[in-house]
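Before any comments, here is the structure.
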2 protein chains.
Amino acid sequence: MVDADKTRQALLEAAYEEIYRDGFQAASLSAILERTGVTKGALYHHFSSKLELGYAVVDEEISNKLHQLWIQPLQNEGNPIDILVATIELAGQQITDKQLYLGCPLNNLAQEMSPIDAGFRMRIDQLYQQWLKSIEHLISKGQHSGKVKTSIDAADTALFIIASLEGCLGIAKNAQSHDELERCGKGLIGYLNNLRAETSSTY
Amino acid sequence: MVDADKTRQALLEAAYEEIYRDGFQAASLSAILERTGVTKGALYHHFSSKLELGYAVVDEEISNKLHQLWIQPLQNEGNPIDILVATIELAGQQITDKQLYLGCPLNNLAQEMSPIDAGFRMRIDQLYQQWLKSIEHLISKGQHSGKVKTSIDAADTALFIIASLEGCLGIAKNAQSHDELERCGKGLIGYLNNLRAETSSTY
DNA sequence: TCCCACATACATACTGGTTGGTATGTTACA
DNA sequence: TGTAACATACCAACCAGTATGTATGTGGGA
């Protein structure tokens, strides 16, 4: 990686952190510059505006994290419900205090920016669509293999799963409580277990 | 209502609208003054700082709206699950485009301010506690009257219901789609129906 | 009943700090 | 000799907050 790429990447990472903490609007370019040691001239060489920097944070930083933590784990083989539960439990175990307090970076930006900037909204929506599709696909697969109830709609269910997950993270964020996250997650896992197809033993 | 109270109320309502749209940090006092026609001297006569104005918006405006729309309807007599479903469906029907785009005022503030200001966090938490208790109480009542499964924990369930509700509103807000809100709400209502105690007809 | 003292409820003008953005340089490499 | 990759200095706009002034009561003593 040449120096210019390193500079760009450092700016992206610092911007991600500042936006994660304060939101996009309250994130300060000066703080990002101070954090990186990069000057304003360099920043505006790589990004034409604060907005473009924010867009790049969504398209690169947040997108990568979403795929690593939530989408790639769903590609494993096995019972789809088991995979969903395991992914949620793993993410829950790995969560740090800081992440608990600051919540989901994607949801934070969605709630802040979707009403006031279409560029953010579309980029965030794109990520949600990728996430939704991967869960929907998993559920459909489970329905075809007889592991998941066929009475439910895969797309609707995927939507509710993501909504509940974001909801749990949001509630636990305000409560600043790992315990509340776990109790709320229990509710989601209960919902997921209820999606399993009835086993032949019930007949 | 004397003039001073009217002025204070006008400021609160304008502040609520500005904060609802832009968030607390990005909300501009000048915009609030312009909206009301009140001058800066009057604002700082009624509120000692922007923060205190924000606190008053939570304690008065948002608290009132939460009680009217979500807590009071739960006090009706009847099957607790029916009441919860009816409350959600009614709120869903009444939601305007603006409210869909801007989301839940309480959740917006929670996500924005809870990591950066303890005063906001505690006030918002207090409202969530009131909401939680009213749902928990409703579920407990249903368990005692045989309408709701006794295998679930009332407090945990109330927590998940609120989380999912906020999650659905958040997802629909970013999608800017009434349809997605309805599909997501369907998931929540399905979850609620699954909390009903099995009727004697199954035996 | 009159009048003064004081507080309430504002209004106006200003300040220091911060913001995102820009204009103009400079350095180094190709 | 150009161009990418910065660096420095500056700017207008906006921000929350404040200092100071004023108009309108209102309560209490003579």
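Identifiers for the structure tokens are assigned positionally: chains receive A, B, ... in sequence, residues are indexed from 1 per chain, and ligands are indexed from 1 in the order shown.
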Q: Using only C-alpha atoms (C1' of nucleotides), determine which residues lie at most 10 Å from Asn107 in chain A, disregarding the query and same-chain residues fewer than 2 positions distant; provide the list as a ChimeraX atom specification.
A: /A:103-105,109-113,124,128,163,166-167,169-170 /B:111,167,170-171,174
Q.
as a VMD selection string, could you give me every residue of chain C near chain B (at most 10 Å apart, counting only C-alpha atoms (C1' of nucleotides))?
A. chain C and resid 8 to 12
Could you produce a table of the residues of chain D lying within 12 Å of chain B, with the nearest pair of atoms per residue and their separation in Å rounded to one decimal, using only C-alpha atoms (C1' of nucleotides), ordered by chain and increasing residue number, as CSV?
```
residue,atom,partner,partner_atom,distance
D:DC14,C1',B:Ser28,CA,9.5
D:DC15,C1',B:Ser28,CA,8.0
D:DA16,C1',B:Lys50,CA,7.6
D:DG17,C1',B:Ser49,CA,8.0
D:DT18,C1',B:Gly41,CA,9.7
D:DA19,C1',B:Gly41,CA,10.8
D:DT20,C1',B:Gly41,CA,10.9
D:DG21,C1',B:Gly41,CA,11.2
D:DT22,C1',B:Gly41,CA,12.0
D:DT24,C1',B:Asp3,CA,11.9
```
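CA of Ile83 in chain A to CA of Glu60 in chain A spans 25.8 Å [interatomic distance, one decimal].
Closest approach to chain A among B:Leu66, B:Ala26, B:Leu195, B:Leu84 is made by B:Ala26 (distances from only C-alpha atoms).
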Q.
Taking the DSSP secondary structure from the backbone, can you list the residues of range 138-202 of chain A that are helix (DSSP H, G or I), as a count of residues only?
A. 48
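Those residues that approach range 8-13 of chain D to within 10 Å, counting only C-alpha atoms (C1' of nucleotides), are Thr39, Lys40 and Gly41 of chain A; DT19, DG20, DG21, DT22, DA23, DT24, DG25 and DT26 of chain C; same-chain residues fewer than 3 positions away are not listed.
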Could you give me, as a PDB file with C-alpha atoms, in the first residue's frame, the residues within 12 Å of Gly190 in chain B, counting only C-alpha atoms (C1' of nucleotides) and dropping anything in the same chain fewer than 3 positions from it?
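Wrote it out as out-v4.pdb, contents follow:
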```pdb
ATOM      1  CA  SER A 151     -46.033 -21.348   6.771  1.00  0.00           C
ATOM      2  CA  ILE A 152     -43.881 -18.228   7.099  1.00  0.00           C
ATOM      3  CA  ASP A 153     -42.715 -15.820   4.422  1.00  0.00           C
ATOM      4  CA  ASP A 156     -40.970 -10.905   5.894  1.00  0.00           C
ATOM      5  CA  THR A 157     -39.261 -13.049   8.500  1.00  0.00           C
ATOM      6  CA  PHE A 160     -38.423  -8.880  11.335  1.00  0.00           C
ATOM      7  CA  TYR A 191     -38.640 -16.333  18.152  1.00  0.00           C
ATOM      8  CA  ASN A 194     -40.193 -21.099  16.942  1.00  0.00           C
ATOM      9  CA  LEU A 195     -39.482 -20.945  13.211  1.00  0.00           C
TER      10      LEU A 195
ATOM     11  CA  ILE B  81     -52.618  -9.978  23.622  1.00  0.00           C
ATOM     12  CA  ASP B  82     -55.615  -8.508  21.841  1.00  0.00           C
ATOM     13  CA  LEU B  84     -51.226  -5.210  22.485  1.00  0.00           C
ATOM     14  CA  VAL B  85     -52.040  -6.160  18.900  1.00  0.00           C
ATOM     15  CA  ILE B 161     -41.706  -6.390  22.400  1.00  0.00           C
ATOM     16  CA  SER B 164     -38.872  -5.197  18.170  1.00  0.00           C
ATOM     17  CA  ARG B 183     -44.572  -6.471   6.879  1.00  0.00           C
ATOM     18  CA  CYS B 184     -42.320  -5.969   9.886  1.00  0.00           C
ATOM     19  CA  GLY B 185     -45.302  -5.352  12.156  1.00  0.00           C
ATOM     20  CA  LYS B 186     -46.784  -8.630  10.896  1.00  0.00           C
ATOM     21  CA  GLY B 187     -43.736 -10.377  12.333  1.00  0.00           C
ATOM     22  CA  ASN B 193     -50.065 -14.296  18.943  1.00  0.00           C
ATOM     23  CA  ASN B 194     -47.614 -17.014  19.797  1.00  0.00           C
ATOM     24  CA  LEU B 195     -47.653 -15.815  23.408  1.00  0.00           C
ATOM     25  CA  ARG B 196     -51.295 -16.804  23.842  1.00  0.00           C
TER      26      ARG B 196
END
```
(Q) Need to verify the contact set: Pro73 in chain A, 10 Å, only C-alpha atoms (C1' of nucleotides), exclusion of same-chain residues closer than 5 positions in sequence. Can you return it as number ranges by chain? (A) A: 67-68, 83-84, 86-88, 90
Would you mind exporting the chosen residues as a compact mmCIF listing (two decimals), in the first residue's frame, restricted to C-alpha atoms?
```txt
# COMPACT_ATOMS: atom_id res chain seq x y z
CA HIS A 67 -20.16 -8.51 6.00
CA GLN A 68 -17.53 -9.82 8.38
CA ILE A 83 -26.64 -20.75 12.14
CA LEU A 84 -28.74 -17.67 12.87
CA ALA A 86 -25.02 -19.08 16.65
CA THR A 87 -24.25 -15.88 14.73
CA ILE A 88 -26.29 -13.78 17.14
CA LEU A 90 -21.28 -15.09 18.90
```
Present chain B as a compact mmCIF listing (two decimals) with C-alpha atoms, in the first residue's frame, least-squares fitted onto chain A over all of its C-alpha atoms paired in order.
```
# COMPACT_ATOMS: atom_id res chain seq x y z
CA MET B 1 -0.03 0.00 0.06
CA VAL B 2 1.46 3.29 -1.05
CA ASP B 3 1.49 6.28 1.26
CA ALA B 4 -1.53 7.94 -0.34
CA ASP B 5 -3.64 4.83 0.25
CA LYS B 6 -2.48 4.69 3.85
CA THR B 7 -3.48 8.31 4.34
CA ARG B 8 -6.90 7.68 2.82
CA GLN B 9 -7.40 4.59 4.97
CA ALA B 10 -6.33 6.43 8.12
CA LEU B 11 -8.86 9.16 7.35
CA LEU B 12 -11.61 6.60 6.76
CA GLU B 13 -10.91 4.80 10.01
CA ALA B 14 -10.73 8.00 12.03
CA ALA B 15 -13.90 9.29 10.37
CA TYR B 16 -15.61 6.00 11.15
CA GLU B 17 -14.71 6.32 14.83
CA GLU B 18 -15.77 9.96 15.09
CA ILE B 19 -19.06 9.31 13.27
CA TYR B 20 -19.67 6.19 15.35
CA ARG B 21 -19.30 8.23 18.53
CA ASP B 22 -20.91 11.56 17.67
CA GLY B 23 -23.01 10.91 14.60
CA PHE B 24 -22.25 12.30 11.15
CA GLN B 25 -23.52 15.83 11.67
CA ALA B 26 -21.70 16.35 14.95
CA ALA B 27 -18.53 14.63 13.76
CA SER B 28 -15.81 17.26 13.45
CA LEU B 29 -13.30 17.28 10.62
CA SER B 30 -10.80 18.94 12.94
CA ALA B 31 -11.11 15.99 15.31
CA ILE B 32 -10.53 13.56 12.45
CA LEU B 33 -7.47 15.52 11.37
CA GLU B 34 -6.14 15.67 14.92
CA ARG B 35 -6.69 11.95 15.38
CA THR B 36 -4.79 11.08 12.22
CA GLY B 37 -2.20 13.84 12.11
CA VAL B 38 -3.31 14.44 8.55
CA THR B 39 -3.78 18.03 7.40
CA LYS B 40 -6.86 19.61 5.91
CA GLY B 41 -5.24 19.86 2.50
CA ALA B 42 -4.69 16.10 2.43
CA LEU B 43 -8.25 15.40 3.55
CA TYR B 44 -9.73 17.52 0.79
CA HIS B 45 -7.33 15.94 -1.67
CA HIS B 46 -8.86 12.52 -0.95
CA PHE B 47 -12.48 13.55 -0.32
CA SER B 48 -14.28 16.42 -1.98
CA SER B 49 -16.48 17.18 1.03
CA LYS B 50 -17.48 15.98 4.48
CA LEU B 51 -20.48 14.31 2.85
CA GLU B 52 -18.30 12.31 0.45
CA LEU B 53 -16.14 11.23 3.37
CA GLY B 54 -19.27 10.07 5.16
CA TYR B 55 -20.45 8.16 2.11
CA ALA B 56 -17.07 6.43 1.84
CA VAL B 57 -17.30 5.41 5.50
CA VAL B 58 -20.59 3.65 4.76
CA ASP B 59 -19.45 2.11 1.48
CA GLU B 60 -16.14 0.85 2.81
CA GLU B 61 -15.78 0.72 6.58
CA ILE B 62 -19.31 -0.10 7.63
CA SER B 63 -19.97 -2.37 4.66
CA ASN B 64 -16.87 -4.43 5.49
CA LYS B 65 -17.78 -4.77 9.13
CA LEU B 66 -21.34 -5.78 8.32
CA HIS B 67 -20.17 -8.52 5.98
CA GLN B 68 -17.53 -9.82 8.36
CA LEU B 69 -19.70 -9.93 11.47
CA TRP B 70 -23.19 -10.66 10.16
CA ILE B 71 -23.30 -11.80 6.54
CA GLN B 72 -20.32 -14.12 6.06
CA PRO B 73 -21.18 -16.30 9.09
CA LEU B 74 -24.53 -17.06 7.43
CA GLN B 75 -22.76 -18.80 4.53
CA ASN B 76 -21.84 -21.82 6.66
CA GLU B 77 -23.47 -25.19 6.08
CA GLY B 78 -25.97 -26.55 8.57
CA ASN B 79 -29.40 -25.98 10.01
CA PRO B 80 -30.33 -22.37 9.11
CA ILE B 81 -31.89 -21.67 12.50
CA ASP B 82 -28.82 -23.01 14.26
CA ILE B 83 -26.67 -20.76 12.10
CA LEU B 84 -28.75 -17.67 12.84
CA VAL B 85 -28.78 -18.36 16.57
CA ALA B 86 -25.05 -19.08 16.61
CA THR B 87 -24.27 -15.89 14.69
CA ILE B 88 -26.30 -13.80 17.12
CA GLU B 89 -24.82 -15.48 20.17
CA LEU B 90 -21.28 -15.10 18.87
CA ALA B 91 -21.79 -11.43 18.11
CA GLY B 92 -23.34 -10.97 21.55
CA GLN B 93 -20.37 -12.61 23.24
CA GLN B 94 -17.84 -10.55 21.32
CA ILE B 95 -19.47 -7.20 22.00
CA THR B 96 -17.32 -4.79 24.00
CA ASP B 97 -18.50 -2.14 26.44
CA LYS B 98 -17.74 0.53 23.87
CA GLN B 99 -19.78 -1.24 21.21
CA LEU B 100 -22.64 -1.74 23.66
CA TYR B 101 -22.67 1.96 24.53
CA LEU B 102 -22.33 3.13 20.93
CA GLY B 103 -24.70 0.64 19.33
CA CYS B 104 -24.84 -0.52 15.74
CA PRO B 105 -22.93 1.85 13.42
CA LEU B 106 -25.26 1.09 10.54
CA ASN B 107 -28.42 1.68 12.55
CA ASN B 108 -26.98 4.84 14.12
CA LEU B 109 -26.39 6.39 10.72
CA ALA B 110 -29.71 5.15 9.41
CA GLN B 111 -31.64 6.79 12.22
CA GLU B 112 -29.69 10.02 12.04
CA MET B 113 -29.26 10.56 8.34
CA SER B 114 -32.05 8.81 6.45
CA PRO B 115 -34.53 11.67 6.90
CA ILE B 116 -32.10 14.41 5.94
CA ASP B 117 -29.89 13.01 3.19
CA ALA B 118 -30.93 10.73 0.36
CA GLY B 119 -27.33 9.78 -0.43
CA PHE B 120 -26.83 8.26 3.01
CA ARG B 121 -30.27 6.68 2.95
CA MET B 122 -29.68 4.87 -0.33
CA ARG B 123 -26.24 3.62 0.68
CA ILE B 124 -27.53 2.36 4.02
CA ASP B 125 -30.55 0.79 2.35
CA GLN B 126 -28.23 -1.06 -0.01
CA LEU B 127 -26.40 -2.61 2.95
CA TYR B 128 -29.68 -3.57 4.60
CA GLN B 129 -30.81 -5.18 1.35
CA GLN B 130 -27.66 -7.31 1.23
CA TRP B 131 -28.19 -8.35 4.83
CA LEU B 132 -31.87 -9.07 4.23
CA LYS B 133 -31.22 -11.15 1.13
CA SER B 134 -28.64 -13.29 2.90
CA ILE B 135 -31.07 -14.07 5.74
CA GLU B 136 -34.00 -14.54 3.36
CA HIS B 137 -31.93 -16.96 1.30
CA LEU B 138 -30.94 -18.88 4.41
CA ILE B 139 -34.56 -19.22 5.51
CA SER B 140 -35.72 -20.29 2.06
CA LYS B 141 -33.02 -22.93 2.00
CA GLY B 142 -34.22 -24.13 5.39
CA GLN B 143 -37.78 -24.33 4.15
CA HIS B 144 -36.75 -26.44 1.16
CA SER B 145 -34.69 -28.77 3.32
CA GLY B 146 -37.54 -29.20 5.79
CA LYS B 147 -35.79 -27.47 8.68
CA VAL B 148 -37.93 -24.33 8.70
CA LYS B 149 -41.70 -23.88 8.79
CA THR B 150 -43.14 -23.38 5.32
CA SER B 151 -46.03 -21.34 6.74
CA ILE B 152 -43.89 -18.23 7.06
CA ASP B 153 -42.73 -15.79 4.39
CA ALA B 154 -38.95 -15.81 4.14
CA ALA B 155 -38.59 -12.13 3.20
CA ASP B 156 -40.99 -10.89 5.88
CA THR B 157 -39.28 -13.04 8.48
CA ALA B 158 -35.82 -11.82 7.50
CA LEU B 159 -37.10 -8.25 7.84
CA PHE B 160 -38.43 -8.87 11.32
CA ILE B 161 -35.25 -10.62 12.41
CA ILE B 162 -33.08 -7.67 11.41
CA ALA B 163 -35.52 -5.18 12.91
CA SER B 164 -35.61 -7.05 16.21
CA LEU B 165 -31.86 -7.40 16.27
CA GLU B 166 -31.38 -3.67 15.73
CA GLY B 167 -34.08 -3.01 18.28
CA CYS B 168 -32.37 -5.15 20.90
CA LEU B 169 -29.05 -3.41 20.27
CA GLY B 170 -30.74 -0.03 20.52
CA ILE B 171 -32.51 -0.80 23.77
CA ALA B 172 -29.37 -2.25 25.35
CA LYS B 173 -27.41 0.78 24.16
CA ASN B 174 -29.67 3.20 26.00
CA ALA B 175 -29.78 0.99 29.09
CA GLN B 176 -25.99 0.53 28.84
CA SER B 177 -26.57 -2.98 30.05
CA HIS B 178 -25.11 -6.26 28.81
CA ASP B 179 -27.80 -7.99 30.84
CA GLU B 180 -30.59 -6.25 28.97
CA LEU B 181 -28.95 -7.15 25.67
CA GLU B 182 -28.89 -10.79 26.71
CA ARG B 183 -32.47 -10.79 27.95
CA CYS B 184 -33.60 -9.11 24.75
CA GLY B 185 -31.54 -11.49 22.63
CA LYS B 186 -33.23 -14.38 24.45
CA GLY B 187 -36.53 -13.11 23.06
CA LEU B 188 -35.15 -13.05 19.54
CA ILE B 189 -33.67 -16.53 19.88
CA GLY B 190 -36.99 -17.77 21.20
CA TYR B 191 -38.65 -16.33 18.12
CA LEU B 192 -36.08 -18.02 15.87
CA ASN B 193 -36.52 -21.40 17.55
CA ASN B 194 -40.21 -21.09 16.92
CA LEU B 195 -39.49 -20.94 13.19
CA ARG B 196 -38.20 -24.52 13.16
CA ALA B 197 -40.33 -27.02 11.28
CA GLU B 198 -42.09 -29.43 13.64
CA THR B 199 -40.10 -32.66 13.89
CA SER B 200 -41.69 -36.04 13.04
CA SER B 201 -41.64 -36.93 16.74
CA THR B 202 -44.73 -34.81 17.30
CA TYR B 203 -46.81 -37.09 15.09
```
Q) Quick one: distance from C1' of DT26 in chain D to C1' of DT1 in chain C in Å, one decimal? A) 15.3 Å
